[in-house]
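Inspection log for the structure reproduced underneath, given as structure tokens.
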Amino acid sequence: QGMEQNVRRIVRALNECLATLPQQQLQRVSHIGISGQMHGIVFWKKGEGCKWTECGTGPIFEPEEVSHLITWQDGRCSPTFLSSLPLPQSHTSLATGFGCATVYWYLKNSPDFLKSYDAAGTIHDYVVAMLCDLKKPLMSVQNAASWGYFNSRNKSWNTDILKKSGFPVHLLPEVGDPGSIAGRTICAWHGIPKGAKVGIALGDFQCSVYSCLTERTDAVLNISTSAQLTVSMPQGFQPPETPDPSSAVTYFPYFNGDYLAVAASLNGGNVLATFVDMVARWTEELGLQVQESAIYTKIIKAALAQNNSKLSVHPTIFGERHIPEQMASVTNIAVSDLSLGHVTRALCRGIVENLCSMLPVQHLMETGVRRILGSGSALARNEVLRQEVERIFPFPVVYGKDVDAAVGAAMVM
């Protein structure tokens, strides 16, 4: 059930991307905004987390004493294991893939692993710490809330609760406000001047919302790897002091003390990716070879030719945080609806319907929503998904051309 990624490969990709940007533009940079996937955790040794070397475009850092990134999709913390942990003093229920839950898992199953490191953060907190040579990692309220055991009201970790259960609290980063400056670059990174201000790392979800949400009457629908439907809460709103584990809606810290009400589904573009992978494997078992990119193109084209499908797909193959034991199902199967187009159409509709069931249309109307802003790579690349969004939601739908977390992080800076 583990889900880990190689930090060296992630940073290599980051360096390759920056190396392609125009040098004359990089030399003008004065502020760096950084966002990344929340919930996950990476461990490193203070002072030994990276080494700086010279390359064609200037100094770059490469990871040294660093663990793999254990991502938000990590499934090692079973419901039984999670129920054995102390109750957090937080508005957020604990779930597998959350940073603090992952630490508890290592504490029980591989305590020696934790002894090798004395710092931790999300992958984007790690990048900020390396760029600025922070002696202790600094984390935004957004990322801290995503780890669990964090009280958003007083902006502090549940230190007493954690200490009592033997949690290594020295691994917890310091916490700062979203939009604040974490430090300055210690080297001329890829030609970006030394001393450029680096913002505290922000949540990818909050940044993707920030890049498009201008009116409180807008709701943002994002379908990328996972899927989210969100509305902004009124100014002054405070989440409940204790979480409702059965609720499909959670409250994410946003900017300037505001909160977003979010239906955060674990099932989005990853469901379509799994479907494509299944088709590719079946094809291979039949002795044929088809590229996954070609399968994507063909299934979307086939689904566009089928305006409707009687098939009903409940696509929750990854469960949901409020019902982790939830499985997927296909019902209403008829001989007439077995084509690739019918199945793909029903699958796309199921992804949108599942999200809508978590934050129903009636609730959106009650909060004054007048428009849906669509964003995310899966939505941008899949016309069938867009058609199903427009079929299911009785609001005008506008698709953001440049709606993503990188744009949002840059705007904050």
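Identifiers in this document derive from the order of the structure tokens: chains are assigned A, B, ..., residues are numbered from 1 separately in each chain, and ligands are numbered from 1 in order of occurrence.
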
Give me the residues of stretch 187-275 of chain A that have any atom at most 8 Å from an atom of stretch 56-64 of chain A; for each, the nearest atom pair and the distance in Å, rounded to one decimal. Use only C-alpha atoms, sort by chain and number, and format it as CSV.
```
residue,atom,partner,partner_atom,distance
A:Cys187,CA,A:Pro59,CA,6.6
A:Ala188,CA,A:Pro59,CA,6.1
A:Trp189,CA,A:Pro59,CA,5.2
A:His190,CA,A:Gly58,CA,4.5
A:Gly191,CA,A:Gly58,CA,5.4
```

- Item | Surrounding residues of A:Met38 excluding itself and chain neighbours under 3 positions, 7 Å, only C-alpha atoms, as a list in words | Trp72, Thr122, Asn143, Ser146, Gly203 and Asp204 of chain A

Write a file of the just-selected residues containing N, CA, C and O atoms, as a PDB file, in the first residue's frame.
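As written to disk, part.pdb reads:
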```pdb
ATOM      1  N   TRP A  72       0.735  11.799  -0.676  1.00  0.00           N
ATOM      2  CA  TRP A  72      -0.627  11.840  -0.131  1.00  0.00           C
ATOM      3  C   TRP A  72      -1.420  10.590  -0.498  1.00  0.00           C
ATOM      4  O   TRP A  72      -2.413  10.264   0.131  1.00  0.00           O
ATOM      5  N   THR A 122       6.860  18.901   3.612  1.00  0.00           N
ATOM      6  CA  THR A 122       6.354  18.455   2.312  1.00  0.00           C
ATOM      7  C   THR A 122       7.495  18.589   1.304  1.00  0.00           C
ATOM      8  O   THR A 122       8.539  19.175   1.608  1.00  0.00           O
ATOM      9  N   ASN A 143      -0.064  23.895   4.571  1.00  0.00           N
ATOM     10  CA  ASN A 143       0.578  22.584   4.584  1.00  0.00           C
ATOM     11  C   ASN A 143       0.471  21.915   5.947  1.00  0.00           C
ATOM     12  O   ASN A 143       0.292  20.691   6.035  1.00  0.00           O
ATOM     13  N   SER A 146      -2.692  20.196   6.481  1.00  0.00           N
ATOM     14  CA  SER A 146      -2.810  18.988   5.656  1.00  0.00           C
ATOM     15  C   SER A 146      -2.107  17.779   6.271  1.00  0.00           C
ATOM     16  O   SER A 146      -2.308  16.652   5.829  1.00  0.00           O
ATOM     17  N   GLY A 203       0.040  25.381  -0.455  1.00  0.00           N
ATOM     18  CA  GLY A 203      -0.692  24.213  -0.932  1.00  0.00           C
ATOM     19  C   GLY A 203      -1.055  24.357  -2.408  1.00  0.00           C
ATOM     20  O   GLY A 203      -1.462  25.432  -2.849  1.00  0.00           O
ATOM     21  N   ASP A 204      -0.904  23.280  -3.161  1.00  0.00           N
ATOM     22  CA  ASP A 204      -1.221  23.341  -4.596  1.00  0.00           C
ATOM     23  C   ASP A 204      -2.700  23.647  -4.815  1.00  0.00           C
ATOM     24  O   ASP A 204      -3.052  24.403  -5.725  1.00  0.00           O
TER      25      ASP A 204
END
```

Task: Minimum-distance residue to A:Asp258, chosen among A:Pro88, A:Pro396, A:Pro240, A:Pro234 (using only C-alpha atoms) - done: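 Between A:Pro88, A:Pro396, A:Pro240, A:Pro234, the residue approaching A:Asp258 most closely is A:Pro234.
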
Distance criterion (only C-alpha atoms): nearest to A:Leu82 out of A:Ser226, A:Ser293, A:Thr102, A:Gln306: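 Using only C-alpha atoms, the shortest distance to A:Leu82 belongs to A:Thr102.
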
Worksheet entry | Those in stretch 100-222 of chain A with alpha helix (DSSP H) from DSSP, as a PyMOL selection string | chain A and resi 100-109+111-115+123-132+141-147+159-164+204-210

Let's have the selection written as a tab-separated table (two decimals), in the first residue's frame, with N, CA and C atoms.
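For reference, out-v5.tsv as written:
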```
chain	number	residue	atom	x	y	z
A	100	CYS	N	1.65	13.45	9.50
A	100	CYS	CA	1.76	12.97	10.89
A	100	CYS	C	1.37	11.50	11.01
A	101	ALA	N	0.37	11.08	10.24
A	101	ALA	CA	-0.03	9.66	10.26
A	101	ALA	C	1.11	8.79	9.76
A	102	THR	N	1.82	9.26	8.72
A	102	THR	CA	2.95	8.51	8.17
A	102	THR	C	4.07	8.38	9.20
A	103	VAL	N	4.32	9.47	9.96
A	103	VAL	CA	5.35	9.41	11.01
A	103	VAL	C	4.96	8.35	12.05
A	104	TYR	N	3.70	8.36	12.45
A	104	TYR	CA	3.22	7.35	13.41
A	104	TYR	C	3.43	5.93	12.87
A	105	TRP	N	3.18	5.76	11.57
A	105	TRP	CA	3.35	4.42	10.96
A	105	TRP	C	4.81	3.97	11.07
A	106	TYR	N	5.75	4.88	10.77
A	106	TYR	CA	7.17	4.54	10.88
A	106	TYR	C	7.56	4.30	12.33
A	107	LEU	N	6.98	5.08	13.23
A	107	LEU	CA	7.27	4.94	14.66
A	107	LEU	C	6.94	3.52	15.13
A	108	LYS	N	5.85	2.97	14.59
A	108	LYS	CA	5.43	1.63	14.99
A	108	LYS	C	6.13	0.53	14.20
A	109	ASN	N	6.31	0.75	12.91
A	109	ASN	CA	6.77	-0.34	12.04
A	109	ASN	C	8.25	-0.27	11.65
A	111	PRO	N	10.98	2.14	13.40
A	111	PRO	CA	11.47	3.29	14.18
A	111	PRO	C	12.90	3.69	13.84
A	112	ASP	N	13.73	2.74	13.41
A	112	ASP	CA	15.12	3.07	13.07
A	112	ASP	C	15.19	4.01	11.87
A	113	PHE	N	14.21	3.92	10.98
A	113	PHE	CA	14.17	4.81	9.82
A	113	PHE	C	14.15	6.26	10.27
A	114	LEU	N	13.32	6.56	11.27
A	114	LEU	CA	13.17	7.94	11.74
A	114	LEU	C	14.45	8.47	12.41
A	115	LYS	N	15.26	7.56	12.97
A	115	LYS	CA	16.49	7.99	13.66
A	115	LYS	C	17.53	8.56	12.70
A	123	ILE	N	7.32	18.09	0.10
A	123	ILE	CA	8.37	18.19	-0.91
A	123	ILE	C	8.68	19.66	-1.22
A	124	HIS	N	7.65	20.51	-1.22
A	124	HIS	CA	7.90	21.92	-1.54
A	124	HIS	C	8.50	22.67	-0.34
A	125	ASP	N	8.21	22.21	0.89
A	125	ASP	CA	8.90	22.77	2.06
A	125	ASP	C	10.40	22.44	1.98
A	126	TYR	N	10.70	21.23	1.52
A	126	TYR	CA	12.10	20.82	1.36
A	126	TYR	C	12.83	21.74	0.39
A	127	VAL	N	12.20	22.03	-0.75
A	127	VAL	CA	12.82	22.89	-1.76
A	127	VAL	C	13.09	24.28	-1.18
A	128	VAL	N	12.13	24.83	-0.46
A	128	VAL	CA	12.31	26.14	0.17
A	128	VAL	C	13.47	26.10	1.17
A	129	ALA	N	13.51	25.05	1.99
A	129	ALA	CA	14.57	24.92	3.01
A	129	ALA	C	15.95	24.85	2.36
A	130	MET	N	16.05	24.16	1.21
A	130	MET	CA	17.34	24.04	0.53
A	130	MET	C	17.73	25.36	-0.14
A	131	LEU	N	16.78	26.01	-0.78
A	131	LEU	CA	17.08	27.28	-1.46
A	131	LEU	C	17.57	28.34	-0.48
A	132	CYS	N	16.99	28.33	0.73
A	132	CYS	CA	17.28	29.38	1.71
A	132	CYS	C	18.23	28.91	2.81
A	141	VAL	N	0.62	27.49	7.12
A	141	VAL	CA	-0.58	26.97	7.79
A	141	VAL	C	-1.31	25.98	6.87
A	142	GLN	N	-1.30	26.27	5.57
A	142	GLN	CA	-1.97	25.40	4.60
A	142	GLN	C	-1.40	23.99	4.63
A	143	ASN	N	-0.06	23.90	4.57
A	143	ASN	CA	0.58	22.58	4.58
A	143	ASN	C	0.47	21.92	5.95
A	144	ALA	N	0.59	22.70	7.01
A	144	ALA	CA	0.52	22.14	8.37
A	144	ALA	C	-0.85	21.49	8.61
A	145	ALA	N	-1.91	22.18	8.19
A	145	ALA	CA	-3.26	21.62	8.36
A	145	ALA	C	-3.41	20.31	7.59
A	146	SER	N	-2.69	20.20	6.48
A	146	SER	CA	-2.81	18.99	5.66
A	146	SER	C	-2.11	17.78	6.27
A	147	TRP	N	-1.29	17.99	7.27
A	147	TRP	CA	-0.57	16.89	7.93
A	147	TRP	C	-1.37	16.26	9.06
A	159	THR	N	1.13	19.70	20.17
A	159	THR	CA	2.39	19.20	20.75
A	159	THR	C	2.17	18.31	21.97
A	160	ASP	N	1.29	18.72	22.88
A	160	ASP	CA	1.07	17.93	24.11
A	160	ASP	C	0.53	16.54	23.77
A	161	ILE	N	-0.46	16.50	22.90
A	161	ILE	CA	-1.05	15.21	22.50
A	161	ILE	C	0.01	14.32	21.85
A	162	LEU	N	0.81	14.92	20.97
A	162	LEU	CA	1.83	14.16	20.24
A	162	LEU	C	2.93	13.65	21.17
A	163	LYS	N	3.38	14.51	22.09
A	163	LYS	CA	4.45	14.11	23.02
A	163	LYS	C	4.04	12.92	23.87
A	164	LYS	N	2.80	12.95	24.35
A	164	LYS	CA	2.32	11.88	25.23
A	164	LYS	C	2.36	10.51	24.56
A	204	ASP	N	-0.90	23.28	-3.16
A	204	ASP	CA	-1.22	23.34	-4.60
A	204	ASP	C	-2.70	23.65	-4.82
A	205	PHE	N	-3.54	23.10	-3.97
A	205	PHE	CA	-4.97	23.31	-4.16
A	205	PHE	C	-5.34	24.78	-3.93
A	206	GLN	N	-4.87	25.34	-2.83
A	206	GLN	CA	-5.19	26.74	-2.54
A	206	GLN	C	-4.67	27.66	-3.65
A	207	CYS	N	-3.50	27.36	-4.18
A	207	CYS	CA	-2.93	28.19	-5.24
A	207	CYS	C	-3.71	28.08	-6.54
A	208	SER	N	-4.19	26.87	-6.85
A	208	SER	CA	-4.97	26.72	-8.08
A	208	SER	C	-6.29	27.48	-7.96
A	209	VAL	N	-6.86	27.52	-6.75
A	209	VAL	CA	-8.08	28.29	-6.52
A	209	VAL	C	-7.77	29.79	-6.59
A	210	TYR	N	-6.64	30.19	-5.98
A	210	TYR	CA	-6.26	31.61	-5.94
A	210	TYR	C	-6.07	32.19	-7.34
```

Nearest to A:Pro324, restricted to only C-alpha atoms and choosing among A:Pro79, A:Gly40, A:Gly368, A:Gly33, comes out as A:Pro79

field: A:Arg321 surroundings by only C-alpha atoms, 9 Å radius, close-in-sequence under 3 positions cut, as a PyMOL selection string
entry: chain A and resi 93-96+245-246+248+264-266+324-325

Written selection (N, CA and C atoms) as a PDB file, in the first residue's frame:
```
ATOM      1  N   SER A  93     -10.070  15.613  10.102  1.00  0.00           N
ATOM      2  CA  SER A  93      -9.910  14.200  10.443  1.00  0.00           C
ATOM      3  C   SER A  93      -8.586  13.687   9.880  1.00  0.00           C
ATOM      4  N   LEU A  94      -7.954  12.774  10.593  1.00  0.00           N
ATOM      5  CA  LEU A  94      -6.702  12.181  10.147  1.00  0.00           C
ATOM      6  C   LEU A  94      -6.986  11.135   9.072  1.00  0.00           C
ATOM      7  N   ALA A  95      -6.107  11.049   8.074  1.00  0.00           N
ATOM      8  CA  ALA A  95      -6.288  10.064   7.002  1.00  0.00           C
ATOM      9  C   ALA A  95      -4.929   9.517   6.594  1.00  0.00           C
ATOM     10  N   THR A  96      -4.928   8.365   5.969  1.00  0.00           N
ATOM     11  CA  THR A  96      -3.685   7.802   5.460  1.00  0.00           C
ATOM     12  C   THR A  96      -3.097   8.734   4.400  1.00  0.00           C
ATOM     13  N   PRO A 245     -15.879  12.913  11.097  1.00  0.00           N
ATOM     14  CA  PRO A 245     -15.222  11.949  10.217  1.00  0.00           C
ATOM     15  C   PRO A 245     -16.096  11.481   9.053  1.00  0.00           C
ATOM     16  N   SER A 246     -17.421  11.574   9.224  1.00  0.00           N
ATOM     17  CA  SER A 246     -18.313  11.084   8.169  1.00  0.00           C
ATOM     18  C   SER A 246     -18.642  12.154   7.127  1.00  0.00           C
ATOM     19  N   ALA A 248     -18.216  14.635   4.039  1.00  0.00           N
ATOM     20  CA  ALA A 248     -17.453  14.659   2.789  1.00  0.00           C
ATOM     21  C   ALA A 248     -16.816  16.023   2.545  1.00  0.00           C
ATOM     22  N   ALA A 264     -13.133  17.129  -1.306  1.00  0.00           N
ATOM     23  CA  ALA A 264     -11.854  16.673  -1.876  1.00  0.00           C
ATOM     24  C   ALA A 264     -11.930  15.177  -2.147  1.00  0.00           C
ATOM     25  N   SER A 265     -12.184  14.828  -3.395  1.00  0.00           N
ATOM     26  CA  SER A 265     -12.301  13.417  -3.775  1.00  0.00           C
ATOM     27  C   SER A 265     -10.937  12.839  -4.107  1.00  0.00           C
ATOM     28  N   LEU A 266     -10.728  11.598  -3.714  1.00  0.00           N
ATOM     29  CA  LEU A 266      -9.488  10.899  -4.065  1.00  0.00           C
ATOM     30  C   LEU A 266      -9.549  10.331  -5.477  1.00  0.00           C
ATOM     31  N   PRO A 324     -13.149   5.357   3.759  1.00  0.00           N
ATOM     32  CA  PRO A 324     -11.963   4.726   3.172  1.00  0.00           C
ATOM     33  C   PRO A 324     -12.208   3.325   2.624  1.00  0.00           C
ATOM     34  N   GLU A 325     -13.234   2.638   3.166  1.00  0.00           N
ATOM     35  CA  GLU A 325     -13.505   1.265   2.706  1.00  0.00           C
ATOM     36  C   GLU A 325     -14.356   1.232   1.439  1.00  0.00           C
TER      37      GLU A 325
END
```

Polymer residues at most 10 Å from A:Met365, only C-alpha atoms, same-chain spacing of 4 or more positions, as a PDB file with all heavy atoms, in the first residue's frame:
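Result saved to selection-v1.pdb:
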```pdb
ATOM      1  N   THR A 217     -19.102  34.303  -5.282  1.00  0.00           N
ATOM      2  CA  THR A 217     -20.242  33.571  -5.866  1.00  0.00           C
ATOM      3  C   THR A 217     -19.774  32.519  -6.879  1.00  0.00           C
ATOM      4  O   THR A 217     -20.594  31.866  -7.515  1.00  0.00           O
ATOM      5  CB  THR A 217     -21.210  34.542  -6.559  1.00  0.00           C
ATOM      6  OG1 THR A 217     -20.470  35.364  -7.472  1.00  0.00           O
ATOM      7  CG2 THR A 217     -21.909  35.420  -5.539  1.00  0.00           C
ATOM      8  N   PRO A 360     -23.389  18.743  -2.827  1.00  0.00           N
ATOM      9  CA  PRO A 360     -24.532  18.745  -3.751  1.00  0.00           C
ATOM     10  C   PRO A 360     -24.875  20.130  -4.307  1.00  0.00           C
ATOM     11  O   PRO A 360     -24.555  21.167  -3.712  1.00  0.00           O
ATOM     12  CB  PRO A 360     -25.684  18.219  -2.882  1.00  0.00           C
ATOM     13  CG  PRO A 360     -25.026  17.497  -1.757  1.00  0.00           C
ATOM     14  CD  PRO A 360     -23.750  18.236  -1.497  1.00  0.00           C
ATOM     15  N   VAL A 361     -25.547  20.107  -5.449  1.00  0.00           N
ATOM     16  CA  VAL A 361     -25.979  21.331  -6.126  1.00  0.00           C
ATOM     17  C   VAL A 361     -26.803  22.208  -5.194  1.00  0.00           C
ATOM     18  O   VAL A 361     -26.645  23.432  -5.160  1.00  0.00           O
ATOM     19  CB  VAL A 361     -26.781  20.978  -7.404  1.00  0.00           C
ATOM     20  CG1 VAL A 361     -27.501  22.206  -7.954  1.00  0.00           C
ATOM     21  CG2 VAL A 361     -25.852  20.395  -8.461  1.00  0.00           C
ATOM     22  N   VAL A 369     -23.768  30.317  -4.936  1.00  0.00           N
ATOM     23  CA  VAL A 369     -22.955  30.077  -6.135  1.00  0.00           C
ATOM     24  C   VAL A 369     -23.750  30.398  -7.396  1.00  0.00           C
ATOM     25  O   VAL A 369     -24.911  30.017  -7.534  1.00  0.00           O
ATOM     26  CB  VAL A 369     -22.458  28.606  -6.172  1.00  0.00           C
ATOM     27  CG1 VAL A 369     -21.859  28.263  -7.529  1.00  0.00           C
ATOM     28  CG2 VAL A 369     -21.441  28.371  -5.065  1.00  0.00           C
ATOM     29  N   ARG A 370     -23.100  31.119  -8.310  1.00  0.00           N
ATOM     30  CA  ARG A 370     -23.742  31.486  -9.575  1.00  0.00           C
ATOM     31  C   ARG A 370     -22.992  30.963 -10.788  1.00  0.00           C
ATOM     32  O   ARG A 370     -23.500  31.008 -11.905  1.00  0.00           O
ATOM     33  CB  ARG A 370     -23.832  33.015  -9.683  1.00  0.00           C
ATOM     34  CG  ARG A 370     -24.744  33.648  -8.646  1.00  0.00           C
ATOM     35  CD  ARG A 370     -24.758  35.149  -8.797  1.00  0.00           C
ATOM     36  NE  ARG A 370     -25.460  35.806  -7.699  1.00  0.00           N
ATOM     37  CZ  ARG A 370     -25.373  37.105  -7.445  1.00  0.00           C
ATOM     38  NH1 ARG A 370     -24.618  37.876  -8.214  1.00  0.00           N
ATOM     39  NH2 ARG A 370     -26.033  37.645  -6.438  1.00  0.00           N
ATOM     40  N   PRO A 394     -26.167  22.910 -12.836  1.00  0.00           N
ATOM     41  CA  PRO A 394     -27.079  23.879 -13.474  1.00  0.00           C
ATOM     42  C   PRO A 394     -26.564  25.317 -13.376  1.00  0.00           C
ATOM     43  O   PRO A 394     -27.310  26.232 -13.058  1.00  0.00           O
ATOM     44  CB  PRO A 394     -28.368  23.693 -12.663  1.00  0.00           C
ATOM     45  CG  PRO A 394     -27.887  23.361 -11.282  1.00  0.00           C
ATOM     46  CD  PRO A 394     -26.614  22.573 -11.459  1.00  0.00           C
ATOM     47  N   PHE A 395     -25.269  25.501 -13.600  1.00  0.00           N
ATOM     48  CA  PHE A 395     -24.664  26.834 -13.564  1.00  0.00           C
ATOM     49  C   PHE A 395     -23.851  27.034 -14.845  1.00  0.00           C
ATOM     50  O   PHE A 395     -23.406  26.058 -15.454  1.00  0.00           O
ATOM     51  CB  PHE A 395     -23.697  26.977 -12.368  1.00  0.00           C
ATOM     52  CG  PHE A 395     -24.280  26.640 -11.032  1.00  0.00           C
ATOM     53  CD1 PHE A 395     -23.985  25.437 -10.414  1.00  0.00           C
ATOM     54  CD2 PHE A 395     -25.097  27.538 -10.367  1.00  0.00           C
ATOM     55  CE1 PHE A 395     -24.505  25.116  -9.170  1.00  0.00           C
ATOM     56  CE2 PHE A 395     -25.628  27.236  -9.121  1.00  0.00           C
ATOM     57  CZ  PHE A 395     -25.339  26.024  -8.525  1.00  0.00           C
TER      58      PHE A 395
END
```

Q: Compile the contact shell of A:Thr316 as an MDAnalysis selection string: residues with an atom at most 6 Å away, counting only C-alpha atoms, same-chain residues fewer than 4 positions apart removed.
A: chainID A and resid 267 327:328

Residues from the last selection, C-alpha atoms, saved as a tab-separated table (two decimals), in the first residue's frame:
```
chain	number	residue	atom	x	y	z
A	267	ASN	CA	-10.93	9.87	-7.43
A	327	MET	CA	-15.12	0.39	-3.39
A	328	ALA	CA	-16.02	1.04	-7.02
```

Can you write out as JSON lines which residues of stretch 57-99 of chain A fall within 6 Å of stretch 1-19 of chain A, alongside each residue's closest atom pair and its distance in Å to one decimal, counting only C-alpha atoms and ordering rows by chain and ascending residue number?
```
{"residue": "A:Pro63", "atom": "CA", "partner": "A:Arg8", "partner_atom": "CA", "distance": 5.7}
{"residue": "A:His68", "atom": "CA", "partner": "A:Asn6", "partner_atom": "CA", "distance": 5.1}
{"residue": "A:Leu69", "atom": "CA", "partner": "A:Gln5", "partner_atom": "CA", "distance": 5.1}
{"residue": "A:Ile70", "atom": "CA", "partner": "A:Glu4", "partner_atom": "CA", "distance": 4.5}
{"residue": "A:Thr71", "atom": "CA", "partner": "A:Glu4", "partner_atom": "CA", "distance": 5.9}
{"residue": "A:Asp74", "atom": "CA", "partner": "A:Met3", "partner_atom": "CA", "distance": 4.4}
{"residue": "A:Gly75", "atom": "CA", "partner": "A:Gln1", "partner_atom": "CA", "distance": 4.7}
{"residue": "A:Arg76", "atom": "CA", "partner": "A:Gln1", "partner_atom": "CA", "distance": 5.0}
```

Requested write-out: all heavy atoms of the selected residues, as a compact mmCIF listing (two decimals), in the first residue's frame:
```txt
# COMPACT_ATOMS: atom_id res chain seq x y z
N PRO A 63 19.73 16.73 -4.09
CA PRO A 63 19.46 16.10 -2.79
C PRO A 63 20.60 15.20 -2.34
O PRO A 63 21.25 14.54 -3.14
CB PRO A 63 18.19 15.28 -3.07
CG PRO A 63 17.53 15.98 -4.21
CD PRO A 63 18.66 16.47 -5.07
N HIS A 68 12.87 9.10 0.51
CA HIS A 68 11.87 9.21 -0.54
C HIS A 68 10.75 10.13 -0.05
O HIS A 68 10.58 10.32 1.15
CB HIS A 68 11.27 7.85 -0.87
CG HIS A 68 12.16 7.04 -1.78
ND1 HIS A 68 11.93 5.71 -2.03
CD2 HIS A 68 13.26 7.36 -2.49
CE1 HIS A 68 12.84 5.26 -2.85
NE2 HIS A 68 13.67 6.24 -3.15
N LEU A 69 9.99 10.68 -0.99
CA LEU A 69 8.76 11.39 -0.65
C LEU A 69 7.67 10.36 -0.48
O LEU A 69 7.40 9.57 -1.39
CB LEU A 69 8.39 12.37 -1.77
CG LEU A 69 6.95 12.90 -1.77
CD1 LEU A 69 6.67 13.75 -0.55
CD2 LEU A 69 6.68 13.70 -3.04
N ILE A 70 7.05 10.32 0.70
CA ILE A 70 5.87 9.46 0.91
C ILE A 70 4.68 10.35 0.59
O ILE A 70 4.42 11.33 1.29
CB ILE A 70 5.80 8.91 2.36
CG1 ILE A 70 7.04 8.07 2.67
CG2 ILE A 70 4.55 8.05 2.53
CD1 ILE A 70 8.16 8.79 3.34
N THR A 71 3.96 10.05 -0.47
CA THR A 71 2.97 10.98 -1.02
C THR A 71 1.62 10.88 -0.30
O THR A 71 1.38 9.96 0.49
CB THR A 71 2.74 10.73 -2.52
OG1 THR A 71 1.85 9.63 -2.69
CG2 THR A 71 4.03 10.47 -3.26
N ASP A 74 -0.27 7.54 -0.26
CA ASP A 74 0.20 6.40 0.51
C ASP A 74 -0.96 5.77 1.28
O ASP A 74 -1.74 6.47 1.92
CB ASP A 74 1.30 6.84 1.48
CG ASP A 74 2.05 5.66 2.06
OD1 ASP A 74 2.97 5.16 1.40
OD2 ASP A 74 1.69 5.24 3.18
N GLY A 75 -1.06 4.45 1.21
CA GLY A 75 -2.20 3.77 1.82
C GLY A 75 -1.86 2.85 2.96
O GLY A 75 -2.64 1.98 3.34
N ARG A 76 -0.67 3.03 3.55
CA ARG A 76 -0.23 2.09 4.59
C ARG A 76 -1.01 2.21 5.90
O ARG A 76 -1.12 1.25 6.65
CB ARG A 76 1.27 2.31 4.88
CG ARG A 76 2.17 1.57 3.92
CD ARG A 76 3.62 1.92 4.14
NE ARG A 76 3.98 3.14 3.46
CZ ARG A 76 5.24 3.46 3.16
NH1 ARG A 76 6.22 2.67 3.49
NH2 ARG A 76 5.50 4.59 2.52
```

Per-residue DSSP, stretch 94-326 of chain A, filtered to strand (DSSP E or B), as a VMD selection string:
chain A and resid 119 to 121 138 to 140 150 to 151 156 to 157 174 to 176 181 to 184 197 to 199 202 to 203 218 to 223 227 to 232 249 to 253 259 to 265 312 to 314 320 323

For this session: Might you pull out every residue within 7 Å of stretch 228-233 of chain A, with only C-alpha atoms counted and same-chain residues fewer than 2 positions away left off, and present them as a list of chain:residue names?
Result: A:Arg216, A:Asp218, A:Ala219, A:Val220, A:Leu221, A:Asn222, A:Ile223, A:Gln235, A:Phe237, A:Tyr259, A:Leu260, A:Ala261, A:Val262, A:Ala263, A:Ala264, A:Ser265, A:Leu355

If you count only C-alpha atoms, the residue of A:Trp52, A:Cys212, A:Gly257, A:Ser84 closest to A:Tyr399 turns out to be A:Cys212

Using only C-alpha atoms, the shortest atom-to-atom distance to A:Pro137 among A:Glu292, A:Phe98, A:Lys45, A:Gln37 belongs to A:Lys45

| request: For stretch 332-341 of chain A, list every protein, DNA or RNA residue within 6 Å, evaluated using only C-alpha atoms, and leave out those in the same chain fewer than 5 positions away; present the list as a list in words. | output: Ala302, Ala303, Gln306, Leu311 and Ser312 of chain A

**Request:** Would you please work out which residue, of A:Lys301, A:Arg153, A:Met411, A:Glu65, is nearest to A:Phe252 when using only C-alpha atoms?
**Result:**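 Among A:Lys301, A:Arg153, A:Met411, A:Glu65, it is A:Arg153 that comes nearest to A:Phe252.
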